[in-house]
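Structure data (CSV, C-alpha atoms and all ligand atoms) from my_file_21.csv:
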chain,number,residue,atom,x,y,z
A,281,MET,CA,26.3,43.4,53.8
A,282,ILE,CA,23.3,44.5,55.9
A,283,LYS,CA,19.8,43.8,54.5
A,284,ARG,CA,17.9,47.0,55.0
A,285,LEU,CA,19.2,50.5,55.8
A,286,LEU,CA,16.6,53.2,56.6
A,287,VAL,CA,17.7,56.7,55.8
A,288,THR,CA,15.5,59.5,57.2
A,289,GLY,CA,15.7,63.0,55.8
A,290,ALA,CA,16.8,61.4,52.5
A,291,GLY,CA,15.4,64.3,50.5
A,292,GLY,CA,17.8,66.8,52.2
A,293,ARG,CA,21.2,67.9,51.1
A,294,LEU,CA,23.2,65.2,52.8
A,295,GLY,CA,20.6,62.5,51.9
A,296,HIS,CA,20.8,63.5,48.3
A,297,HIS,CA,24.6,63.1,48.3
A,298,LEU,CA,24.4,59.7,49.9
A,299,ARG,CA,21.5,58.2,48.0
A,300,GLU,CA,23.5,56.7,45.2
A,301,PRO,CA,26.8,55.8,46.9
A,302,LEU,CA,25.1,54.1,49.9
A,303,LYS,CA,23.6,51.5,47.6
A,304,GLY,CA,26.7,49.3,48.1
A,305,SER,CA,26.2,49.3,51.9
A,306,ALA,CA,22.8,47.5,52.1
A,307,GLU,CA,20.8,45.2,50.0
A,308,ILE,CA,17.8,47.6,50.3
A,309,LEU,CA,17.8,51.3,51.0
A,310,ARG,CA,14.6,52.5,52.6
A,311,LEU,CA,14.6,56.2,51.9
A,312,SER,CA,12.2,58.5,53.7
A,313,ASP,CA,11.4,62.1,54.1
A,314,ILE,CA,8.4,64.3,54.9
A,315,VAL,CA,8.6,65.5,51.3
A,316,ASP,CA,8.0,63.3,48.3
A,317,ILE,CA,11.2,61.8,47.0
A,318,SER,CA,9.7,59.1,44.7
A,319,PRO,CA,10.2,57.3,42.5
A,320,ALA,CA,12.2,54.5,44.0
A,321,ALA,CA,15.0,53.2,41.9
A,322,ARG,CA,16.3,49.7,41.8
A,323,GLY,CA,17.3,48.5,45.4
A,324,GLU,CA,15.3,51.3,47.0
A,325,GLU,CA,12.1,51.7,48.9
A,326,VAL,CA,10.6,55.2,49.2
A,327,VAL,CA,8.3,56.1,52.1
A,328,GLN,CA,6.9,59.6,52.7
A,329,CYS,CA,6.6,60.0,56.4
A,330,ASP,CA,6.5,62.8,59.0
A,331,LEU,CA,8.8,61.8,61.9
A,332,ALA,CA,6.3,63.3,64.3
A,333,ASP,CA,3.7,60.7,63.3
A,334,ARG,CA,4.3,57.9,65.7
A,335,GLU,CA,2.3,55.2,63.9
A,336,ALA,CA,3.9,56.0,60.6
A,337,VAL,CA,7.4,55.9,62.1
A,338,ASP,CA,6.7,52.5,63.7
A,339,ALA,CA,5.9,51.2,60.3
A,340,LEU,CA,8.9,53.0,58.8
A,341,ALA,CA,11.4,51.3,61.0
A,342,SER,CA,10.0,47.8,60.7
A,343,ASP,CA,12.3,45.2,59.1
A,344,CYS,CA,15.3,47.6,59.2
A,345,ASP,CA,18.8,46.6,60.4
A,346,MET,CA,20.2,50.0,60.8
A,347,ILE,CA,19.1,53.6,60.4
A,348,LEU,CA,20.9,56.7,59.2
A,349,HIS,CA,18.9,59.4,60.9
A,350,LEU,CA,19.3,62.6,59.0
A,351,GLY,CA,15.7,63.8,59.1
A,352,ALA,CA,15.3,67.0,61.1
A,353,ILE,CA,14.9,70.7,61.1
A,354,SER,CA,18.6,71.4,60.3
A,355,GLY,CA,19.0,74.9,61.7
A,356,GLU,CA,17.7,77.4,64.2
A,357,ALA,CA,13.9,77.4,64.3
A,358,SER,CA,11.0,78.0,66.7
A,359,PHE,CA,10.8,75.7,69.7
A,360,ASP,CA,7.4,74.5,68.4
A,361,ALA,CA,8.8,73.5,65.1
A,362,LEU,CA,11.8,71.7,66.7
A,363,LEU,CA,9.5,70.0,69.1
A,364,GLN,CA,7.8,68.2,66.2
A,365,GLY,CA,10.7,67.5,63.9
A,366,ASN,CA,13.6,67.0,66.2
A,367,PHE,CA,12.4,66.2,69.8
A,368,LEU,CA,9.3,64.2,69.0
A,369,GLY,CA,10.6,62.9,65.7
A,370,THR,CA,13.8,61.5,67.3
A,371,TYR,CA,11.9,60.0,70.2
A,372,ASN,CA,9.5,58.3,67.7
A,373,LEU,CA,12.4,57.0,65.7
A,374,TYR,CA,14.2,55.5,68.7
A,375,GLU,CA,11.1,53.9,70.1
A,376,ALA,CA,10.2,52.5,66.7
A,377,ALA,CA,13.8,51.2,66.3
A,378,ARG,CA,13.7,49.5,69.7
A,379,LYS,CA,10.4,47.7,68.9
A,380,ALA,CA,11.7,46.7,65.5
A,381,GLY,CA,15.0,45.3,66.9
A,382,VAL,CA,17.2,47.7,64.9
A,383,ARG,CA,20.8,47.2,65.8
A,384,ARG,CA,22.4,50.6,65.2
A,385,ILE,CA,21.5,54.2,64.5
A,386,LEU,CA,23.8,56.7,63.0
A,387,PHE,CA,22.4,59.9,64.4
A,388,ALA,CA,23.2,63.2,62.6
A,389,SER,CA,24.0,65.4,65.6
A,390,THR,CA,25.8,68.8,65.1
A,391,ASN,CA,28.7,70.9,66.2
A,392,HIS,CA,26.1,73.3,67.5
A,393,VAL,CA,25.8,71.1,70.7
A,394,ILE,CA,29.2,72.5,71.6
A,395,GLY,CA,28.9,75.9,69.9
A,396,PHE,CA,29.5,78.1,72.9
A,397,HIS,CA,33.0,76.9,73.4
A,398,ALA,CA,35.6,79.4,72.3
A,399,VAL,CA,37.5,79.1,69.0
A,400,GLY,CA,40.9,77.7,69.7
A,401,GLU,CA,39.8,75.2,72.5
A,402,THR,CA,40.4,71.6,71.5
A,403,LEU,CA,37.4,69.5,72.3
A,404,ASP,CA,36.8,65.8,72.3
A,405,HIS,CA,33.8,63.5,73.0
A,406,LYS,CA,34.0,64.2,76.8
A,407,SER,CA,34.0,68.0,76.5
A,408,GLU,CA,31.0,69.7,78.2
A,409,ARG,CA,28.2,70.3,75.8
A,410,ARG,CA,27.3,74.0,75.4
A,411,PRO,CA,24.6,74.3,72.8
A,412,ASP,CA,24.4,77.6,71.0
A,413,SER,CA,20.8,77.5,69.8
A,414,LEU,CA,17.5,75.7,70.4
A,415,TYR,CA,18.5,73.6,67.4
A,416,GLY,CA,21.7,72.6,69.3
A,417,VAL,CA,19.5,71.8,72.4
A,418,SER,CA,17.3,69.6,70.2
A,419,LYS,CA,20.4,67.6,69.1
A,420,CYS,CA,21.6,67.4,72.7
A,421,PHE,CA,18.3,65.7,73.4
A,422,GLY,CA,18.9,63.3,70.6
A,423,GLU,CA,22.4,62.5,72.0
A,424,ASP,CA,21.0,61.8,75.5
A,425,LEU,CA,18.1,59.8,74.2
A,426,SER,CA,20.5,57.6,72.2
A,427,ARG,CA,22.6,57.1,75.3
A,428,PHE,CA,19.5,56.1,77.2
A,429,TYR,CA,18.5,53.6,74.5
A,430,TYR,CA,22.0,52.1,74.5
A,431,ASP,CA,22.2,51.7,78.3
A,432,LYS,CA,18.7,50.5,78.7
A,433,PHE,CA,18.2,48.4,75.6
A,434,GLY,CA,21.6,47.9,73.9
A,435,LEU,CA,20.6,49.8,70.8
A,436,GLU,CA,23.9,51.1,69.4
A,437,THR,CA,24.3,54.7,68.2
A,438,ALA,CA,27.0,56.8,66.7
A,439,CYS,CA,26.3,60.5,67.4
A,440,LEU,CA,28.0,62.3,64.5
A,441,ARG,CA,28.6,65.9,65.4
A,442,ILE,CA,28.8,67.0,61.9
A,443,GLY,CA,30.8,70.2,61.2
A,444,SER,CA,30.0,71.9,57.9
A,445,CYS,CA,29.3,69.4,55.2
A,446,PHE,CA,29.4,71.2,51.8
A,447,GLU,CA,31.1,70.7,48.5
A,448,ALA,CA,33.7,73.2,49.6
A,449,PRO,CA,34.3,75.4,52.7
A,450,LYS,CA,32.6,78.8,52.3
A,451,ASP,CA,34.1,81.0,55.0
A,452,ARG,CA,36.9,81.2,57.6
A,453,ARG,CA,35.0,79.2,60.2
A,454,MET,CA,34.6,76.3,57.7
A,455,LEU,CA,38.4,76.2,57.3
A,456,SER,CA,38.2,74.5,60.7
A,457,THR,CA,34.7,72.9,60.6
A,458,TRP,CA,34.6,71.6,57.0
A,459,LEU,CA,33.6,68.0,56.3
A,460,SER,CA,33.9,67.0,52.7
A,461,PRO,CA,31.0,64.9,51.3
A,462,ARG,CA,33.6,62.3,50.4
A,463,ASP,CA,34.8,62.1,54.0
A,464,PHE,CA,31.2,62.0,55.3
A,465,LEU,CA,30.4,59.1,53.0
A,466,SER,CA,33.5,57.1,54.1
A,467,LEU,CA,32.6,57.8,57.8
A,468,VAL,CA,29.1,56.6,57.3
A,469,ARG,CA,30.3,53.5,55.5
A,470,LYS,CA,32.8,52.7,58.2
A,471,LEU,CA,30.1,53.1,60.9
A,472,ILE,CA,27.8,50.7,59.1
A,473,GLU,CA,30.6,48.1,58.6
A,474,VAL,CA,32.3,47.9,62.0
A,475,PRO,CA,31.0,45.0,64.0
A,476,THR,CA,30.5,46.9,67.3
A,477,ILE,CA,30.3,50.6,68.1
A,478,GLY,CA,28.5,50.7,71.4
A,479,HIS,CA,27.6,54.3,72.1
A,480,LEU,CA,30.0,56.6,70.3
A,481,VAL,CA,30.2,60.3,70.0
A,482,LEU,CA,32.4,61.6,67.3
A,483,TYR,CA,33.0,64.7,65.2
A,484,GLY,CA,32.4,64.8,61.5
A,485,VAL,CA,35.3,66.9,60.3
A,486,SER,CA,37.9,66.5,57.5
A,487,ALA,CA,41.6,66.6,58.1
A,488,ASN,CA,41.7,70.4,58.4
A,489,ARG,CA,44.9,72.1,59.6
A,490,ASP,CA,43.1,74.1,62.3
A,491,ALA,CA,40.4,71.7,63.3
A,492,TRP,CA,39.1,72.2,66.9
A,493,TRP,CA,37.9,68.6,67.5
A,494,SER,CA,39.7,65.4,68.3
A,495,ASN,CA,38.4,61.9,67.5
A,496,ALA,CA,41.4,60.1,69.1
A,497,HIS,CA,39.1,57.9,71.1
A,498,ALA,CA,37.5,56.5,67.9
A,499,ASP,CA,40.8,55.4,66.3
A,500,PHE,CA,39.6,51.8,66.6
A,501,LEU,CA,37.2,52.6,63.7
A,502,GLY,CA,40.2,53.0,61.4
A,503,TRP,CA,38.5,56.1,59.7
A,504,LYS,CA,40.9,58.5,58.2
A,505,PRO,CA,39.5,61.7,56.6
A,506,ARG,CA,41.2,62.3,53.3
A,507,ASP,CA,40.3,65.9,52.5
A,508,THR,CA,41.4,69.2,54.0
A,509,SER,CA,40.2,72.8,53.7
A,510,GLU,CA,43.8,74.0,53.1
A,511,PRO,CA,43.4,74.4,49.3
A,512,TYR,CA,40.6,76.9,49.9
A,513,ARG,CA,42.4,79.0,52.5
A,514,GLU,CA,43.9,81.7,50.4
A,515,ALA,CA,40.7,82.6,48.5
A,516,ILE,CA,38.6,82.6,51.7
A,517,GLU,CA,41.1,84.7,53.7
A,518,GLN,CA,41.3,87.2,50.8
A,519,SER,CA,37.5,87.5,50.5
A,520,GLU,CA,36.7,87.5,54.3
A,521,LYS,CA,38.9,90.2,55.8
A,522,GLN,CA,36.7,91.2,58.7
A,523,PRO,CA,35.8,88.7,61.5
A,524,ALA,CA,32.3,87.3,60.9
A,525,GLU,CA,29.5,87.5,63.4
A,526,GLY,CA,30.2,85.2,66.3
A,527,SER,CA,33.6,84.3,65.0
A,528,HIS,CA,35.0,83.8,68.6
A,529,TYR,CA,32.6,81.0,69.2
A,530,GLN,CA,32.9,77.5,67.7
A,531,GLY,CA,29.2,77.7,66.7
A,532,GLY,CA,29.8,80.9,64.8
A,533,ARG,CA,26.8,82.9,63.9
A,534,LEU,CA,24.3,80.6,65.7
A,535,ALA,CA,26.0,81.4,69.0
A,536,ALA,CA,25.9,85.2,68.3
A,537,ILE,CA,22.3,85.6,67.3
A,538,GLY,CA,19.4,85.6,69.7
A,539,ILE,CA,16.6,83.0,69.5
A,540,LEU,CA,15.3,83.1,65.9
A,541,GLY,CA,17.7,85.9,65.1
A,542,LYS,CA,16.3,88.3,67.8
A,543,ARG,CA,18.7,89.8,70.3
O,1,LIG,P1,18.4,69.3,55.2
O,1,LIG,O1,17.6,70.3,55.9
O,1,LIG,O2,18.8,69.5,53.8
O,1,LIG,O3,17.7,67.9,55.3
O,1,LIG,C1,16.9,67.5,56.3
O,1,LIG,C2,15.7,66.7,55.8
O,1,LIG,O4,14.9,66.3,56.9
O,1,LIG,C3,14.9,67.5,54.8
O,1,LIG,O5,14.8,66.8,53.6
O,1,LIG,C4,13.5,67.6,55.5
O,1,LIG,O6,12.4,67.6,54.6
O,1,LIG,C5,13.5,66.4,56.4
O,1,LIG,N1,12.6,66.6,57.6
O,1,LIG,C6,12.5,67.8,58.3
O,1,LIG,N2,11.5,67.6,59.2
O,1,LIG,C7,11.0,66.3,59.0
O,1,LIG,C8,10.0,65.6,59.6
O,1,LIG,N3,9.2,66.1,60.6
O,1,LIG,N4,9.8,64.3,59.2
O,1,LIG,C9,10.5,63.8,58.2
O,1,LIG,N5,11.5,64.5,57.6
O,1,LIG,C10,11.7,65.7,58.0
O,1,LIG,O7,19.7,69.1,56.1
O,1,LIG,P2,21.1,68.4,55.7
O,1,LIG,O8,22.1,69.4,55.5
O,1,LIG,O9,20.9,67.3,54.7
O,1,LIG,O10,21.5,67.7,57.1
O,1,LIG,C11,21.1,66.4,57.5
O,1,LIG,C12,21.2,66.2,58.9
O,1,LIG,O11,22.5,66.5,59.4
O,1,LIG,C13,20.3,67.1,59.8
O,1,LIG,O12,19.8,66.3,60.9
O,1,LIG,C14,21.2,68.2,60.3
O,1,LIG,O13,20.8,68.7,61.5
O,1,LIG,C15,22.5,67.4,60.4
O,1,LIG,N6,23.7,68.3,60.2
O,1,LIG,C16,24.0,68.8,58.9
O,1,LIG,C17,25.1,69.6,58.8
O,1,LIG,C18,25.6,70.0,57.4
O,1,LIG,O14,26.7,70.6,57.3
O,1,LIG,N7,24.8,69.7,56.4
O,1,LIG,C19,25.9,70.1,59.9
O,1,LIG,C20,25.4,69.5,61.2
O,1,LIG,C21,24.4,68.7,61.3
Please go through the file and, once you have read it, give me the structure as structure tokens.
Amino acid sequence: MIKRLLVTGAGGRLGHHLREPLKGSAEILRLSDIVDISPAARGEEVVQCDLADREAVDALASDCDMILHLGAISGEASFDALLQGNFLGTYNLYEAARKAGVRRILFASTNHVIGFHAVGETLDHKSERRPDSLYGVSKCFGEDLSRFYYDKFGLETACLRIGSCFEAPKDRRMLSTWLSPRDFLSLVRKLIEVPTIGHLVLYGVSANRDAWWSNAHADFLGWKPRDTSEPYREAIEQSEKQPAEGSHYQGGRLAAIGILGKR
């Protein structure tokens, strides 16, 4: 078991899901967010930290073996906001990780890095990135930065292009993009446990019938998603009769709207 796992964005939706179950994956979980998520439970350290604050992030990463980097603005936002939370925050984290000798980062990327591909195209890790939003662009930056830190310094990263991680799929698009919290947890655990990952790009998606993304290149991980959106299909197809905004793009609505919702 690794000694200390840092989780950024631990106060968010996914961080909240993982806080308890990840306890078995590291002796100490260092949980961090820009918002206060104290108190620390047994086996936890809690650090309130803005990822845009370089000195604070240097201290945050010290003594950590791995990092699950969830902390970010997690949807479309102004460039100035993304500049702080996603561009600068991710740079600060990688630089701090390098200085601290961190072995591996699991970077929460997004399907919105490929959101302008058409629905029906099957993509893999080599498909061209076509971000559908400034948010998607900020995650492309994170993916490239991670590649640079791997090639230059050997710092391993798994870029997880998460689909839609919710308790249940909510609309037709999510019948293809859904990632169950249980599958997300098993993927994160696997990526912590495997001895070597190098630089890996993979899609966070459950075993959905109409998934658009292939992880065939990552079979060596031995990760098999267990859930599928199929049980939800009938109810969703009944309730959503008309195509939703942006439904011909993989990124859905984010591809269809202008910057910050303006056309
Ligand atoms: P969330 O918005 O619920 O959580 C993100 C957390 O990051 C929040 O607690 C927020 O306070 C924190 N944060 C924001 N700016 C920060 C800063 N400057 N410094 C420190 N912390 C900061 O998002 P969620 O759903 O938990 O997603 C986690 C990660 O996964 C995000 O990076 C998101 O982009 C990515 N993702 C999530 C998907 C999903 O289906 N939930 C889909 C695709 C990607």
Check which residues fall inside 9 Å of ligand LIG 1 (chain O) when counting only C-alpha atoms and all ligand atoms, and print them as a ChimeraX atom specification. /A:288-297,312-316,328-333,349-355,361-362,364-366,368-369,387-392,415-416,419,440-446,457-459,484
With C-alpha atoms retained, write the just-selected residues as an mmCIF file, keeping the file's coordinate frame.
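To be explicit, this is the file written out as again-v7.cif:
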data_model
loop_
_atom_site.group_PDB
_atom_site.id
_atom_site.type_symbol
_atom_site.label_atom_id
_atom_site.label_comp_id
_atom_site.auth_asym_id
_atom_site.auth_seq_id
_atom_site.Cartn_x
_atom_site.Cartn_y
_atom_site.Cartn_z
ATOM 1 C CA THR A 288 15.500 59.500 57.200
ATOM 2 C CA GLY A 289 15.700 63.000 55.800
ATOM 3 C CA ALA A 290 16.800 61.400 52.500
ATOM 4 C CA GLY A 291 15.400 64.300 50.500
ATOM 5 C CA GLY A 292 17.800 66.800 52.200
ATOM 6 C CA ARG A 293 21.200 67.900 51.100
ATOM 7 C CA LEU A 294 23.200 65.200 52.800
ATOM 8 C CA GLY A 295 20.600 62.500 51.900
ATOM 9 C CA HIS A 296 20.800 63.500 48.300
ATOM 10 C CA HIS A 297 24.600 63.100 48.300
ATOM 11 C CA SER A 312 12.200 58.500 53.700
ATOM 12 C CA ASP A 313 11.400 62.100 54.100
ATOM 13 C CA ILE A 314 8.400 64.300 54.900
ATOM 14 C CA VAL A 315 8.600 65.500 51.300
ATOM 15 C CA ASP A 316 8.000 63.300 48.300
ATOM 16 C CA GLN A 328 6.900 59.600 52.700
ATOM 17 C CA CYS A 329 6.600 60.000 56.400
ATOM 18 C CA ASP A 330 6.500 62.800 59.000
ATOM 19 C CA LEU A 331 8.800 61.800 61.900
ATOM 20 C CA ALA A 332 6.300 63.300 64.300
ATOM 21 C CA ASP A 333 3.700 60.700 63.300
ATOM 22 C CA HIS A 349 18.900 59.400 60.900
ATOM 23 C CA LEU A 350 19.300 62.600 59.000
ATOM 24 C CA GLY A 351 15.700 63.800 59.100
ATOM 25 C CA ALA A 352 15.300 67.000 61.100
ATOM 26 C CA ILE A 353 14.900 70.700 61.100
ATOM 27 C CA SER A 354 18.600 71.400 60.300
ATOM 28 C CA GLY A 355 19.000 74.900 61.700
ATOM 29 C CA ALA A 361 8.800 73.500 65.100
ATOM 30 C CA LEU A 362 11.800 71.700 66.700
ATOM 31 C CA GLN A 364 7.800 68.200 66.200
ATOM 32 C CA GLY A 365 10.700 67.500 63.900
ATOM 33 C CA ASN A 366 13.600 67.000 66.200
ATOM 34 C CA LEU A 368 9.300 64.200 69.000
ATOM 35 C CA GLY A 369 10.600 62.900 65.700
ATOM 36 C CA PHE A 387 22.400 59.900 64.400
ATOM 37 C CA ALA A 388 23.200 63.200 62.600
ATOM 38 C CA SER A 389 24.000 65.400 65.600
ATOM 39 C CA THR A 390 25.800 68.800 65.100
ATOM 40 C CA ASN A 391 28.700 70.900 66.200
ATOM 41 C CA HIS A 392 26.100 73.300 67.500
ATOM 42 C CA TYR A 415 18.500 73.600 67.400
ATOM 43 C CA GLY A 416 21.700 72.600 69.300
ATOM 44 C CA LYS A 419 20.400 67.600 69.100
ATOM 45 C CA LEU A 440 28.000 62.300 64.500
ATOM 46 C CA ARG A 441 28.600 65.900 65.400
ATOM 47 C CA ILE A 442 28.800 67.000 61.900
ATOM 48 C CA GLY A 443 30.800 70.200 61.200
ATOM 49 C CA SER A 444 30.000 71.900 57.900
ATOM 50 C CA CYS A 445 29.300 69.400 55.200
ATOM 51 C CA PHE A 446 29.400 71.200 51.800
ATOM 52 C CA THR A 457 34.700 72.900 60.600
ATOM 53 C CA TRP A 458 34.600 71.600 57.000
ATOM 54 C CA LEU A 459 33.600 68.000 56.300
ATOM 55 C CA GLY A 484 32.400 64.800 61.500
#
Nearest to A:Arg462, restricted to only C-alpha atoms and choosing among A:Ala398, A:Ala306, A:Leu298, A:Ala515, comes out as A:Leu298
One-decimal distance in Å that lies between atom CA of A:Asp431 and atom CA of A:Val287: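 Rounded to one decimal, the two atoms are 23.5 Å apart.
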Report, in Å with one decimal, the straight-line distance from atom CA of A:Ser342 to atom CA of A:Tyr430. 18.8 Å
Work out how far atom CA of A:His397 is from atom CA of A:Leu534, in Å to one decimal.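 Atom CA of A:Leu534 sits 12.2 Å away from atom CA of A:His397.
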From the list A:Leu309, A:Val485, A:Leu403, A:Leu435, which residue is nearest A:Val382 when using only C-alpha atoms?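 Ranked by minimum distance to A:Val382, first place goes to A:Leu435.
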Close residues, A:Gly532 itself excluded, 9 Å, only C-alpha atoms, min 2 positions apart in chain, as an MDAnalysis selection string: chainID A and resid 392 395:396 399 412 453 524:530 534:536
May I have the residues within 10 Å of A:Gly502 as an MDAnalysis selection string, using all atoms listed in the file and disregarding those fewer than 6 positions away in the same chain? chainID A and resid 467 470 474
Got time to write the residues from that selection, C-alpha atoms, as a PDB file, in the frame of the given file?
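Result saved to selection.pdb:
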ATOM      1  CA  LEU A 467      32.600  57.800  57.800  1.00  0.00           C
ATOM      2  CA  LYS A 470      32.800  52.700  58.200  1.00  0.00           C
ATOM      3  CA  VAL A 474      32.300  47.900  62.000  1.00  0.00           C
TER       4      VAL A 474
END
What lies within 8 Å of A:Glu324 using all atoms listed in the file, ignoring chain neighbours under 6 positions off, as a short mmCIF file (atom, residue, chain, number, x, y, z; two decimals) with C-alpha atoms, in the coordinates of the input?
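Okay, this is what ended up in result10.cif:
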data_model
loop_
_atom_site.label_atom_id
_atom_site.label_comp_id
_atom_site.auth_asym_id
_atom_site.auth_seq_id
_atom_site.Cartn_x
_atom_site.Cartn_y
_atom_site.Cartn_z
CA ILE A 308 17.80 47.60 50.30
CA LEU A 309 17.80 51.30 51.00
CA ARG A 310 14.60 52.50 52.60
CA LEU A 311 14.60 56.20 51.90
#
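Excluding A:Thr476 and any residue on its chain fewer than 4 positions from it, the residues at most 12 Å away by all atoms listed in the file are A:Arg383, A:Arg384, A:Ile385, A:Gly434, A:Leu435, A:Glu436, A:Thr437, A:Ala438, A:Lys470, A:Leu471, A:Ile472, A:Leu480, A:Ala498, A:Phe500, A:Leu501.
For the residues A:Glu401, A:Glu375, A:Glu447, A:Asp360, ranking by smallest atom-to-atom distance to A:Asp338 using all atoms listed in the file places A:Glu375 first.
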Pick from A:Ile539, A:Leu363, A:Val327, A:Ala377 nearest to A:Phe433, counting only C-alpha atoms: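 Answer, going by the shortest atom-to-atom distance: A:Ala377.
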Give the answer as one residue: which of A:Asp345, A:Glu517, A:Glu335, A:Asp404 has the shortest atom-to-atom distance to A:Ser494, using all atoms listed in the file? A:Asp404
